[in-house]
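Next up, work.cif (mmCIF, C-alpha atoms and all ligand atoms):
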data_run
loop_
_atom_site.label_atom_id
_atom_site.label_comp_id
_atom_site.auth_asym_id
_atom_site.auth_seq_id
_atom_site.Cartn_x
_atom_site.Cartn_y
_atom_site.Cartn_z
CA MET A 1 -22.41 -22.06 29.11
CA ARG A 2 -19.23 -19.99 29.06
CA PRO A 3 -19.51 -16.31 29.94
CA GLN A 4 -19.14 -13.99 26.95
CA PRO A 5 -16.03 -11.74 27.19
CA ALA A 6 -16.85 -8.38 28.75
CA ASP A 7 -15.58 -6.35 25.79
CA ASP A 8 -13.52 -6.46 22.57
CA GLN A 9 -10.25 -6.11 24.45
CA GLU A 10 -10.99 -9.09 26.66
CA ARG A 11 -12.11 -11.14 23.65
CA LEU A 12 -8.89 -10.27 21.84
CA ASN A 13 -6.76 -11.11 24.89
CA LEU A 14 -8.47 -14.48 25.21
CA ILE A 15 -7.89 -15.22 21.51
CA PHE A 16 -4.19 -14.39 21.90
CA GLU A 17 -3.97 -16.53 25.06
CA THR A 18 -5.46 -19.45 23.14
CA LEU A 19 -2.98 -18.95 20.30
CA ASP A 20 -0.18 -18.86 22.88
CA ARG A 21 -1.41 -22.22 24.14
CA ILE A 22 -1.01 -23.64 20.63
CA ASN A 23 2.52 -22.25 20.48
CA GLU A 24 3.34 -23.81 23.84
CA LEU A 25 2.04 -27.19 22.71
CA SER A 26 3.68 -27.00 19.31
CA ALA A 27 6.77 -28.99 20.36
CA THR A 28 4.67 -32.07 20.98
CA HIS A 29 1.57 -31.41 18.86
CA THR A 30 0.81 -31.11 15.16
CA VAL A 31 -1.98 -28.71 14.20
CA LEU A 32 -4.59 -30.28 11.94
CA VAL A 33 -6.23 -27.78 9.59
CA GLU A 34 -8.47 -28.16 6.60
CA GLY A 35 -6.70 -26.20 3.83
CA VAL A 36 -3.58 -24.16 3.08
CA LYS A 37 -5.41 -20.87 3.62
CA ASP A 38 -5.97 -21.87 7.24
CA ILE A 39 -2.22 -22.22 7.71
CA ALA A 40 -1.66 -18.72 6.30
CA ALA A 41 -4.31 -17.29 8.65
CA LEU A 42 -2.78 -18.99 11.67
CA LYS A 43 0.73 -17.88 10.74
CA ASN A 44 -0.49 -14.29 10.25
CA SER A 45 -1.97 -14.52 13.72
CA GLY A 46 1.37 -15.51 15.25
CA VAL A 47 1.09 -19.31 15.39
CA GLU A 48 4.43 -21.06 14.89
CA ALA A 49 3.67 -24.76 14.74
CA GLN A 50 3.90 -27.81 12.56
CA PHE A 51 0.75 -28.06 10.45
CA PHE A 52 -0.94 -30.92 8.65
CA CYS A 53 -3.35 -29.91 5.93
CA VAL A 54 -6.04 -32.59 6.04
CA GLN A 55 -7.66 -31.96 2.65
CA SER A 56 -4.44 -31.72 0.63
CA GLY A 57 -2.67 -34.30 2.81
CA GLY A 58 -5.07 -37.10 1.88
CA GLY A 59 -7.92 -36.82 4.38
CA PRO A 60 -8.52 -37.90 7.98
CA VAL A 61 -7.10 -41.42 7.59
CA ARG A 62 -3.78 -40.21 6.22
CA ALA A 63 -3.60 -37.45 8.83
CA ALA A 64 -4.14 -39.94 11.65
CA GLU A 65 -1.53 -42.34 10.20
CA ALA A 66 1.04 -39.58 9.80
CA LEU A 67 0.54 -38.52 13.40
CA TRP A 68 0.73 -42.08 14.67
CA LYS A 69 4.07 -42.54 12.86
CA SER A 70 5.46 -39.24 14.15
CA GLY A 71 4.50 -40.11 17.72
CA LYS A 72 3.09 -36.59 18.15
CA SER A 73 -0.29 -35.58 19.51
CA ALA A 74 -2.75 -33.45 17.56
CA ILE A 75 -4.62 -30.19 17.89
CA ILE A 76 -7.76 -30.34 15.78
CA LEU A 77 -8.62 -26.97 14.31
CA THR A 78 -10.80 -28.00 11.39
CA ASP A 79 -14.48 -27.20 10.94
CA TRP A 80 -15.11 -24.34 13.29
CA ASP A 81 -18.49 -23.93 11.85
CA ARG A 82 -20.66 -25.84 14.28
CA ARG A 83 -22.97 -26.80 11.42
CA GLY A 84 -20.16 -28.67 9.68
CA ASN A 85 -18.51 -30.79 12.31
CA THR A 86 -17.99 -33.70 9.93
CA LEU A 87 -14.30 -33.42 9.24
CA ALA A 88 -13.48 -32.86 12.90
CA GLU A 89 -15.55 -35.93 13.84
CA ASP A 90 -13.83 -38.07 11.19
CA LEU A 91 -10.45 -36.98 12.46
CA LYS A 92 -11.42 -37.74 16.01
CA MET A 93 -12.54 -41.29 15.11
CA ASN A 94 -9.36 -42.04 13.17
CA LEU A 95 -7.13 -40.65 15.90
CA VAL A 96 -8.98 -42.66 18.56
CA THR A 97 -8.61 -45.84 16.48
CA LEU A 98 -4.84 -45.42 16.28
CA GLY A 99 -4.50 -44.29 19.89
CA VAL A 100 -3.19 -40.83 18.95
CA LYS A 101 -3.83 -38.21 21.64
CA PHE A 102 -5.58 -35.04 20.53
CA ASP A 103 -6.93 -31.75 21.79
CA ARG A 104 -10.31 -30.41 20.68
CA ASP A 105 -10.74 -27.87 23.47
CA ILE A 106 -8.62 -25.29 21.70
CA ARG A 107 -10.87 -25.56 18.67
CA ALA A 108 -13.94 -25.13 20.85
CA ASP A 109 -12.39 -22.13 22.65
CA LEU A 110 -11.39 -20.34 19.44
CA SER A 111 -14.69 -21.14 17.84
CA PHE A 112 -16.56 -19.67 20.82
CA LEU A 113 -14.41 -16.52 20.88
CA CYS A 114 -14.55 -15.91 17.12
CA LYS A 115 -18.12 -17.07 16.56
CA PRO A 116 -19.72 -13.62 16.22
CA TYR A 117 -17.30 -12.77 13.39
CA ALA A 118 -15.92 -15.95 11.82
CA LYS A 119 -16.98 -19.37 10.83
CA ASP A 120 -13.65 -20.90 9.84
CA VAL A 121 -9.95 -20.80 10.69
CA GLU A 122 -9.36 -18.95 7.45
CA SER A 123 -11.02 -15.84 8.87
CA LEU A 124 -9.05 -15.86 12.13
CA ASP A 125 -6.66 -13.06 11.17
CA SER A 126 -9.50 -10.88 9.91
CA VAL A 127 -11.31 -11.39 13.25
CA ILE A 128 -8.19 -10.19 15.08
CA LEU A 129 -7.87 -7.19 12.77
CA HIS A 130 -11.54 -6.38 13.13
CA LEU A 131 -11.29 -6.41 16.93
CA GLN A 132 -8.10 -4.32 16.88
CA LYS A 133 -9.80 -1.71 14.68
CA ARG A 134 -12.85 -1.53 16.93
CA ILE A 135 -10.67 -1.11 20.01
CA LEU A 136 -8.76 1.72 18.33
CA GLU A 137 -11.97 3.38 17.20
CA SER A 138 -13.41 3.31 20.68
CA GLN A 139 -10.15 4.76 22.09
CA ARG A 140 -10.42 7.49 19.50
CA GLY A 141 -13.93 8.13 20.72
CA CYS A 142 -12.25 8.95 24.04
CA ASN A 143 -10.37 11.76 22.27
CA MET A 144 -7.14 9.92 21.64
CA LYS A 145 -4.65 12.38 20.22
CA GLY A 146 -2.83 11.35 17.05
CA LYS A 147 0.90 11.47 16.43
CA ILE A 148 3.28 13.29 14.12
CA VAL A 149 5.88 11.07 12.47
CA VAL A 150 8.48 12.68 10.23
CA VAL A 151 10.58 10.85 7.65
CA GLU A 152 13.85 12.52 6.66
CA GLY A 153 16.69 11.60 4.35
CA ILE A 154 18.70 12.73 1.35
CA ASP A 155 17.23 12.56 -2.15
CA GLY A 156 16.80 8.95 -3.29
CA SER A 157 16.82 7.57 0.27
CA GLY A 158 13.33 6.14 -0.31
CA LYS A 159 11.32 8.59 1.79
CA SER A 160 8.29 8.84 -0.45
CA THR A 161 7.92 5.08 -0.85
CA MET A 162 8.48 4.66 2.88
CA CYS A 163 5.76 7.20 3.70
CA SER A 164 3.23 5.42 1.44
CA ARG A 165 4.11 1.99 2.81
CA LEU A 166 3.87 3.20 6.41
CA ALA A 167 0.48 4.75 5.68
CA GLU A 168 -0.76 1.47 4.16
CA ARG A 169 0.51 -0.54 7.09
CA LEU A 170 -0.97 1.78 9.72
CA GLU A 171 -4.30 2.03 7.91
CA GLY A 172 -4.35 -1.75 7.76
CA LYS A 173 -4.09 -1.72 11.55
CA GLY A 174 -7.08 0.59 11.80
CA TYR A 175 -5.36 3.95 12.29
CA ARG A 176 -6.49 7.05 10.46
CA VAL A 177 -3.47 8.37 8.59
CA ARG A 178 -2.79 11.75 7.02
CA MET A 179 0.15 11.90 4.62
CA THR A 180 1.84 15.20 4.00
CA ALA A 181 5.14 16.64 2.78
CA GLU A 182 7.43 19.65 2.74
CA PRO A 183 7.79 21.74 0.74
CA THR A 184 3.99 21.68 0.78
CA HIS A 185 1.90 22.03 -2.35
CA ASP A 186 0.14 24.96 -0.72
CA ARG A 187 0.73 28.70 -1.26
CA ILE A 188 4.38 29.21 -0.24
CA GLY A 189 5.27 25.57 -0.85
CA ALA A 190 3.96 25.91 -4.39
CA ILE A 191 6.15 28.97 -4.99
CA ILE A 192 9.22 27.03 -3.81
CA ARG A 193 8.35 24.02 -5.93
CA SER A 194 7.72 26.09 -9.06
CA GLY A 195 11.30 27.38 -8.90
CA SER A 196 9.80 30.64 -10.10
CA ILE A 197 12.26 32.94 -8.34
CA PRO A 198 15.42 32.85 -10.46
CA GLY A 199 18.72 33.40 -8.66
CA ILE A 200 17.08 33.18 -5.24
CA SER A 201 19.69 33.22 -2.46
CA GLN A 202 20.03 30.31 -0.09
CA SER A 203 19.01 32.43 2.91
CA THR A 204 15.88 33.75 1.18
CA GLU A 205 14.97 30.22 0.13
CA ALA A 206 15.57 29.03 3.71
CA LEU A 207 13.12 31.69 4.91
CA LEU A 208 10.57 30.48 2.38
CA PHE A 209 10.97 26.88 3.57
CA ILE A 210 10.47 28.10 7.15
CA ALA A 211 7.46 30.25 6.22
CA ASP A 212 5.90 27.29 4.43
CA ARG A 213 6.55 25.22 7.58
CA ASN A 214 4.86 27.76 9.81
CA ASP A 215 1.46 27.21 8.13
CA HIS A 216 2.10 23.50 7.72
CA THR A 217 2.95 22.96 11.39
CA GLU A 218 -0.38 24.43 12.41
CA ALA A 219 -2.19 22.14 9.97
CA MET A 220 -0.31 19.06 11.22
CA GLU A 221 -1.13 19.91 14.83
CA ARG A 222 -4.81 20.14 13.91
CA TRP A 223 -4.77 16.76 12.14
CA ALA A 224 -3.00 15.10 15.08
CA GLU A 225 -5.38 16.76 17.54
CA ASP A 226 -8.17 15.24 15.51
CA GLY A 227 -6.72 11.77 16.11
CA ALA A 228 -4.81 11.14 12.86
CA ILE A 229 -1.31 9.75 12.56
CA VAL A 230 0.41 12.39 10.46
CA ILE A 231 3.24 11.12 8.29
CA CYS A 232 5.32 14.00 7.05
CA ASP A 233 7.90 13.64 4.28
CA ARG A 234 10.62 16.15 5.39
CA TYR A 235 10.46 18.73 8.16
CA PHE A 236 12.77 21.23 9.83
CA ALA A 237 15.87 19.01 9.65
CA SER A 238 15.70 19.32 5.85
CA THR A 239 16.22 23.07 6.09
CA ILE A 240 19.17 22.73 8.47
CA ALA A 241 20.76 19.88 6.52
CA TYR A 242 20.25 21.28 3.01
CA GLN A 243 20.54 25.02 3.52
CA SER A 244 23.62 24.81 5.76
CA SER A 245 25.51 22.45 3.48
CA GLY A 246 26.86 24.94 0.98
CA LEU A 247 24.97 24.40 -2.23
CA ASP A 248 27.03 26.14 -4.96
CA GLY A 249 29.38 27.38 -2.26
CA THR A 250 26.70 29.47 -0.54
CA ASP A 251 25.76 28.06 2.82
CA VAL A 252 23.57 29.63 5.46
CA ASP A 253 24.75 29.79 9.07
CA ARG A 254 23.63 26.65 10.89
CA GLY A 255 23.06 28.44 14.21
CA TRP A 256 20.88 31.06 12.52
CA LEU A 257 18.86 28.35 10.76
CA LEU A 258 18.35 26.50 14.02
CA SER A 259 17.25 29.56 15.96
CA MET A 260 14.99 30.72 13.11
CA SER A 261 13.37 27.28 12.88
CA GLU A 262 12.82 26.90 16.59
CA ARG A 263 9.88 29.32 16.70
CA PHE A 264 7.98 27.63 13.87
CA VAL A 265 8.49 23.98 14.65
CA ASP A 266 6.54 21.57 16.78
CA THR A 267 8.57 18.64 18.14
CA PRO A 268 7.38 15.55 16.24
CA ASP A 269 6.58 12.40 18.21
CA LEU A 270 9.13 10.58 16.09
CA THR A 271 11.59 11.46 13.35
CA ILE A 272 12.97 8.64 11.26
CA LEU A 273 16.16 9.35 9.34
CA LEU A 274 16.67 7.08 6.35
CA ASP A 275 20.43 7.02 6.17
CA ILE A 276 22.12 6.05 2.92
CA ASP A 277 25.34 6.65 1.03
CA PRO A 278 24.67 9.37 -1.59
CA GLY A 279 26.44 7.21 -4.21
CA ILE A 280 23.67 4.63 -3.84
CA SER A 281 20.83 7.14 -3.52
CA MET A 282 21.93 9.10 -6.58
CA ALA A 283 22.07 5.88 -8.63
CA ARG A 284 18.42 5.32 -7.58
CA VAL A 285 17.47 8.88 -8.57
CA SER A 286 19.16 8.58 -12.01
CA SER A 287 17.49 5.21 -12.67
CA ARG A 288 14.05 6.85 -12.23
CA GLY A 289 14.83 8.94 -15.32
CA GLU A 290 13.36 12.04 -13.64
CA GLU A 291 14.78 15.52 -13.98
CA ILE A 292 17.67 16.00 -11.53
CA SER A 293 17.04 18.93 -9.14
CA LYS A 294 19.70 21.46 -8.15
CA PHE A 295 19.97 19.76 -4.75
CA GLU A 296 20.83 16.35 -6.17
CA LYS A 297 24.61 16.63 -6.44
CA LEU A 298 26.89 13.99 -4.99
CA GLU A 299 29.38 16.09 -3.00
CA PHE A 300 26.63 18.33 -1.71
CA LEU A 301 24.54 15.34 -0.63
CA ARG A 302 27.53 13.90 1.24
CA ARG A 303 27.59 17.06 3.36
CA VAL A 304 23.79 16.93 3.77
CA ARG A 305 24.08 13.35 5.00
CA GLU A 306 26.77 14.29 7.54
CA GLU A 307 24.59 17.13 8.78
CA TYR A 308 21.57 14.84 9.06
CA LEU A 309 23.58 12.41 11.20
CA ARG A 310 24.69 15.26 13.42
CA LEU A 311 21.07 16.41 13.82
CA ALA A 312 20.03 12.84 14.59
CA GLU A 313 22.46 12.82 17.52
CA GLU A 314 21.31 16.21 18.74
CA PHE A 315 17.57 15.70 18.41
CA GLY A 316 17.30 11.94 18.97
CA PHE A 317 16.13 10.89 15.49
CA GLU A 318 15.76 7.18 14.85
CA VAL A 319 18.38 6.32 12.21
CA ILE A 320 17.62 3.43 9.86
CA ASP A 321 20.00 2.04 7.25
CA ALA A 322 18.08 2.68 4.02
CA SER A 323 20.41 0.61 1.83
CA GLU A 324 18.86 -2.61 3.20
CA ASP A 325 16.06 -4.25 1.20
CA PRO A 326 12.94 -2.01 1.14
CA GLU A 327 10.64 -4.42 3.00
CA SER A 328 12.99 -4.80 5.96
CA VAL A 329 13.47 -1.01 6.09
CA VAL A 330 9.66 -0.59 6.30
CA GLU A 331 9.51 -3.32 8.94
CA GLU A 332 12.16 -1.56 11.02
CA ALA A 333 10.38 1.81 10.71
CA MET A 334 7.05 0.23 11.74
CA ARG A 335 8.72 -1.25 14.79
CA ARG A 336 9.96 2.18 15.86
CA ILE A 337 6.57 3.81 15.19
CA GLU A 338 4.73 1.19 17.19
CA GLU A 339 6.90 2.13 20.17
CA VAL A 340 5.44 5.65 20.20
CA LEU A 341 1.81 4.76 19.47
P1 LIG A 401 11.64 16.33 -2.09
O1 LIG A 401 11.40 15.65 -0.81
O2 LIG A 401 12.63 15.70 -3.03
O3 LIG A 401 10.25 16.60 -2.81
P2 LIG A 401 9.59 15.73 -3.99
O4 LIG A 401 9.98 14.31 -3.76
O5 LIG A 401 8.12 16.00 -3.82
O6 LIG A 401 10.15 16.35 -5.24
O7 LIG A 401 12.08 17.82 -1.79
C1 LIG A 401 12.50 18.68 -2.83
C2 LIG A 401 13.85 19.25 -2.54
O8 LIG A 401 13.72 20.32 -1.60
C3 LIG A 401 14.83 18.28 -1.97
O9 LIG A 401 15.93 18.12 -2.83
C4 LIG A 401 15.30 18.91 -0.68
C5 LIG A 401 14.85 20.33 -0.78
N1 LIG A 401 14.51 20.93 0.53
C6 LIG A 401 15.38 21.85 1.11
O10 LIG A 401 16.45 22.14 0.54
N2 LIG A 401 15.06 22.42 2.30
C7 LIG A 401 13.91 22.15 2.94
O11 LIG A 401 13.64 22.70 4.03
C8 LIG A 401 13.00 21.19 2.34
C9 LIG A 401 11.71 20.88 3.01
C10 LIG A 401 13.34 20.62 1.14
#

If you convert what's in this file into structure tokens, what do you get?
Amino acid sequence: MRPQPADDQERLNLIFETLDRINELSATHTVLVEGVKDIAALKNSGVEAQFFCVQSGGGPVRAAEALWKSGKSAIILTDWDRRGNTLAEDLKMNLVTLGVKFDRDIRADLSFLCKPYAKDVESLDSVILHLQKRILESQRGCNMKGKIVVVEGIDGSGKSTMCSRLAERLEGKGYRVRMTAEPTHDRIGAIIRSGSIPGISQSTEALLFIADRNDHTEAMERWAEDGAIVICDRYFASTIAYQSSGLDGTDVDRGWLLSMSERFVDTPDLTILLDIDPGISMARVSSRGEEISKFEKLEFLRRVREEYLRLAEEFGFEVIDASEDPESVVEEAMRRIEEVL
């Protein structure tokens, strides 16, 4: 009898070690699985190997013949469910007949480790996810503080989509996520958004953005304290970049904006700047067919972008090229977030 792993973390480590063993053997071994869904599950779990799908490849006889011709050995991963050992047994007999070497220990190890949660290879990735979630939850039980991640960028840089995608991805990994944005939709934020103060000066508007941020910062700190990962669409850099960039020829002094902001800002754990040429971002904004805001003007946005890049240098923002395809931009952002988690 093997000893049961001491806890979820040990079980997960042992699963990953077993998967690493498959990867190590993959140069000389073909992995025999039952169906195509098993391949997807293994790939999602980080297995890079050559697979042979026994059911769609013609059954145990064909699998054994193919292996014999290739001169490779086999790793049998079919039929984890102890009740249904038939396919694995058939494979074994055919491989023995042709003198093909095979490994069934890996199957037994994975089956043992996943047994409480899975009965087939297909559920391997959900077992891993399940364990990861439980580990995170128990860490949270030990009062794990959350994080504040800010996403910045000019209009049309893809911030909103990025925030939603990051939230989905992090939730999928078991984190509790709180999405938020500035201007907020709360009291002062709502006044700003309504545009209800005609002819408002840039400095007065800057003060409103900062006042809105004062309440919002407190709320974000509470959410993070409570263990959530807060994803905030725009923060103080928006005020510096937009209000100091001379909209309609009226800019606000950068130094004043920075010193005003300082008192009301909490340093985020990470700020991601989605950097993009305003020519491209404005084309995106126009194609949405939405009303164009007073801030969405090409020359102005060029200055905003320059200012953002300057702030990125000063405050150590992570700059990501947002003109790349959306999935790889999300991938890159996730990579940077995972470094601070
Ligand atoms: P935006 O992120 O576009 O909000 P939404 O997508 O919900 O409409 O923000 C609205 C505009 O507000 C945007 O053009 C930038 C501007 N803005 C500032 O000028 N200063 C600030 O401090 C903030 C937070 C936003």

(request) Grab me every residue within 9 Å of ligand LIG 401 (chain A), counting only C-alpha atoms and all ligand atoms, and send it over as a PyMOL selection string. (result) chain A and resi 152-156+159-160+181-185+189+192-193+202+205-206+208-210+212-213+233-243+293-296

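Between Gly316 of chain A and the residues A:Leu136, A:Leu270, A:Leu301, A:Val61, the shortest atom-to-atom distance, using all atoms listed in the file, involves A:Leu270.
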
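Shortest atom-to-atom contact with Ala224 of chain A among A:Trp80, A:Phe112, A:Tyr175, A:Phe51: A:Tyr175, counting only C-alpha atoms.
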
(message) Given only C-alpha atoms as the basis, pick out the residue of A:Asp8, A:Asp253, A:Asp103, A:Glu307 nearest to Val127 of chain A.
(response) A:Asp8

(request) Counting all atoms listed in the file, write as a list in words all protein and nucleic acid residues lying at most 10 Å from (8.5, 5.5, 19.3) in the file's frame. (result) Val149, Asp269, Leu270, Thr271, Ile272, Glu318, Ala333, Met334, Arg335, Arg336, Ile337, Glu338, Glu339, Val340 and Leu341 of chain A

(message) Set the distance at 9 Å and use only C-alpha atoms: which residues neighbour Thr30 of chain A once local chain neighbours fewer than 3 positions away are removed? I'd like the list as a PyMOL selection string.
(response) chain A and resi 25-27+49-52+67+72-76

(request) Calculate how many Å separate atom CA of Arg21 of chain A from atom CA of Arg104 of chain A, rounding to one decimal. (result) 12.6 Å

(request) Report the distance between atom CA of Met179 of chain A and atom CA of Leu298 of chain A in Å, rounded to one decimal place. (result) 28.5 Å

(message) Could you list, as a PyMOL selection string, every residue within 9 Å of Leu110 of chain A, counting only C-alpha atoms and ignoring same-chain residues fewer than 6 positions away?
(response) chain A and resi 14-15+18-19+77+80+121+124

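Taking atom CA of His216 of chain A and atom CA of Glu290 of chain A as endpoints, the distance between them is 26.7 Å.
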
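Nearest to Leu129 of chain A of all the residues A:Leu166, A:Ala41, A:Val304, A:Leu247 is A:Ala41, based on only C-alpha atoms.
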